[in-house]
Structure formats: C-alpha cells, structure tokens
Amino acid sequence: MPGILQTERYATALTMRAVERGAITKEQGEERLMLVDERQRMLVREPPPLVFVVLDESSLRRPVGSAATMDDQLARLLDFGSLPNSILQVAPFSMGDRRPLSLPLYILTLQNRSLMSYAESAQRGQLERDSASVVPLLTAYHQLQADALSQPESLAMISQLRKDYRDT
C-alpha cells in the first residue's frame with residue numbers, strides 16, 4: 001500500500017510492527033510516519049496533482065492492524081478513487097505472470113514534462129532521471145494499467161472487501 005494512500009492507523013500499525021521486530025528504531029518509525037504525512041499533504045495542494053495508482057490485490061487482502069484499521073483503509077481507497085484527479089486500479093491475482101512489475105514504482109511527470117522514476121526494494125530506493133531508463137518503466141506501467149481491473153471494477157472489489165471486514 002503506497003504511503004500516500006495509507007490512513008494514519010494503517011501506517012502506524014505497519015510502523016509499530018517494524019519497531020517490534022527490531023527492523024527500525026522508534027525514532028526511525030516516528031520519522032517514517034512524519035514523511036507519510038508530509039507526502040499525503042501533496043495530494044491536497046492546489047492545483048491537485050493527477051495521480052494514477054495500480055494496487056496489487058494482495059495489498060487489499062493482507063490484514064494490517066485490526067478489522068477497523070482495514071475498514072478505514074479501504075474506505076480511504078474508495079474516497080481516493082472518487083476524486084476527479086485520481087485513477088485507482090487493482091492488479092488482480094488472475095494476472096499471474098503477465099504482471100510486468102513486481103516492486104513498487106513511482107513515475108513522476110514534472111512541470112517541464114520530463115519524467116522521473118523511483119523504484120523501491122527492501123533495502124533501498126532508486127531515483128532515475130535518465131529518460132532511457134525511465135521510458136521502459138513507463139511502458140511496463142502502461143502494460144500493467146491495460147491488464148488491471150478498470151476503475152469501476154476496482155472500486156467494486158474494494159467495496160466488497162470492505163463489507164467482508166465489516167462483517168468480522
């Protein structure tokens with residue numbers, strides 16, 4: 001689940017679990033939560049950015065925190081998907097090996113129309129500004145979008161999953 005879409009409770013549950021495991025210190029966790037909050041504020045600036053997101057189905061089905069935390073998180077995704085400046089799609093499990101990307105990827109179009117990508121792994125992130133490196137990632141992302149569920153289908157899936165959490 002990208003940080004810009006995480007509710008405070010969801011982000012806190014993830015972060016506190018990392019602190020409990022000893023993967024990060026409490027201070028690093030607090031810094032991580034501040035960064036998530038800072039990035040989310042960019043979504044409400046004027047004019048708002050156009051944001052396209054394709055979520056892996058596993059990010060919707062993997063419980064984080066309590067059922068209430070997941071209910072809030074799924075409600076947040078539904079709200080995000082209804083914004084006029086957002087596109088939210090789900091890459092379903094049924095895509096199988098047709099899924100062109102396996103790690104989180106962010107592609108930014110800057111005001112001058114240049115492209116930048118940021119890819120994450122477990123150990124680090126890689127920022128790329130060279131268009132020869134960014135364009136193939138953009139192509140893979142467009143392939144992912146084409147095979148993912150449409151926005152209405154994605155929002156319907158999220159709504160159904162939210163009902164499942166509310167029934168627990």
# chains A, B, ... in the order shown; residues from 1 in each chain; ligands from 1

call {"tool": "residues_around", "arguments": {"residues": "Leu161 in chain A", "least_positions_apart": "5", "cutoff": "8 Å", "atoms": "only C-alpha atoms", "output": "JSON, numbers by chain"}}
result
{"A": [60, 61, 74]}

call {"tool": "write_last_selection", "arguments": {"atoms": "C-alpha atoms", "output": "PDB file, in the first residue's frame"}}
result
ATOM      1  CA  LEU A  60      -6.066  -5.203  -0.196  1.00  0.00           C
ATOM      2  CA  ARG A  61      -6.356  -8.713   1.188  1.00  0.00           C
ATOM      3  CA  LEU A  74     -10.429   0.508   2.357  1.00  0.00           C
TER       4      LEU A  74
END

call {"tool": "residues_around", "arguments": {"residues": "range 49-55 of chain A", "least_positions_apart": "3", "cutoff": "8 Å", "atoms": "only C-alpha atoms", "output": "ChimeraX atom specification"}}
result
/A:1,42-43,45,59-60,85-91,144-145,148

call {"tool": "residues_around", "arguments": {"residues": "Tyr165 in chain A", "least_positions_apart": "4", "cutoff": "12 Å", "atoms": "only C-alpha atoms", "output": "PyMOL selection string"}}
result
chain A and resi 60-75+158-161

call {"tool": "closest_residue", "arguments": {"among": "A:Arg98, A:Pro92, A:Arg9, A:Lys26", "to": "Glu153 in chain A", "atoms": "only C-alpha atoms"}}
result
A:Pro92

call {"tool": "select_by_dssp", "arguments": {"residues": "range 6-67 of chain A", "states": "strand (DSSP E or B)", "output": "compact mmCIF listing (two decimals) with C-alpha atoms, in the first residue's frame"}}
result
# COMPACT_ATOMS: atom_id res chain seq x y z
CA VAL A 51 -2.41 10.56 -9.53
CA PHE A 52 -2.67 7.12 -11.16
CA VAL A 53 -2.33 4.10 -8.87
CA VAL A 54 -2.39 0.37 -9.61
CA LEU A 55 -2.53 -1.67 -6.40
CA ASP A 56 -1.71 -5.34 -6.22

call {"tool": "closest_residue", "arguments": {"among": "A:Arg129, A:Arg162, A:Arg124, A:Arg76", "to": "Leu108 in chain A", "atoms": "only C-alpha atoms"}}
result
A:Arg129

call {"tool": "atom_distance", "arguments": {"atom1": "CA of Leu115 in chain A", "atom2": "CA of Val44 in chain A"}}
result
21.7 Å

call {"tool": "residues_around", "arguments": {"residues": "Ile4 in chain A", "least_positions_apart": "3", "cutoff": "9 Å", "atoms": "only C-alpha atoms", "output": "NGL selection string"}}
result
:A and (1 or 7 or 36-43)

call {"tool": "decode", "arguments": {"residues": "range 141-155 of chain A", "atoms": "N, CA and C atoms", "output": "compact mmCIF listing (two decimals), in the first residue's frame"}}
result
# COMPACT_ATOMS: atom_id res chain seq x y z
N TYR A 141 4.53 0.09 -16.92
CA TYR A 141 3.40 0.58 -16.12
C TYR A 141 2.13 0.65 -16.97
N HIS A 142 2.26 1.14 -18.20
CA HIS A 142 1.09 1.20 -19.09
C HIS A 142 0.56 -0.20 -19.39
N GLN A 143 1.45 -1.18 -19.52
CA GLN A 143 1.01 -2.56 -19.71
C GLN A 143 0.25 -3.06 -18.49
N LEU A 144 0.74 -2.70 -17.31
CA LEU A 144 0.07 -3.06 -16.07
C LEU A 144 -1.33 -2.45 -16.02
N GLN A 145 -1.43 -1.17 -16.36
CA GLN A 145 -2.73 -0.50 -16.36
C GLN A 145 -3.71 -1.17 -17.32
N ALA A 146 -3.21 -1.56 -18.49
CA ALA A 146 -4.08 -2.16 -19.51
C ALA A 146 -4.66 -3.49 -19.04
N ASP A 147 -3.90 -4.27 -18.29
CA ASP A 147 -4.37 -5.58 -17.83
C ASP A 147 -5.08 -5.54 -16.48
N ALA A 148 -4.94 -4.44 -15.75
CA ALA A 148 -5.57 -4.32 -14.43
C ALA A 148 -7.08 -4.14 -14.58
N LEU A 149 -7.79 -4.32 -13.49
CA LEU A 149 -9.23 -4.05 -13.49
C LEU A 149 -9.47 -2.58 -13.78
N SER A 150 -10.60 -2.27 -14.39
CA SER A 150 -10.96 -0.87 -14.62
C SER A 150 -11.19 -0.20 -13.26
N GLN A 151 -11.28 1.12 -13.27
CA GLN A 151 -11.52 1.82 -12.00
C GLN A 151 -12.87 1.39 -11.40
N PRO A 152 -13.97 1.34 -12.16
CA PRO A 152 -15.23 0.88 -11.53
C PRO A 152 -15.13 -0.56 -10.99
N GLU A 153 -14.48 -1.45 -11.72
CA GLU A 153 -14.32 -2.82 -11.23
C GLU A 153 -13.45 -2.85 -9.98
N SER A 154 -12.43 -2.03 -9.95
CA SER A 154 -11.53 -1.97 -8.80
C SER A 154 -12.25 -1.45 -7.57
N LEU A 155 -13.03 -0.39 -7.74
CA LEU A 155 -13.77 0.17 -6.61
C LEU A 155 -14.82 -0.82 -6.12
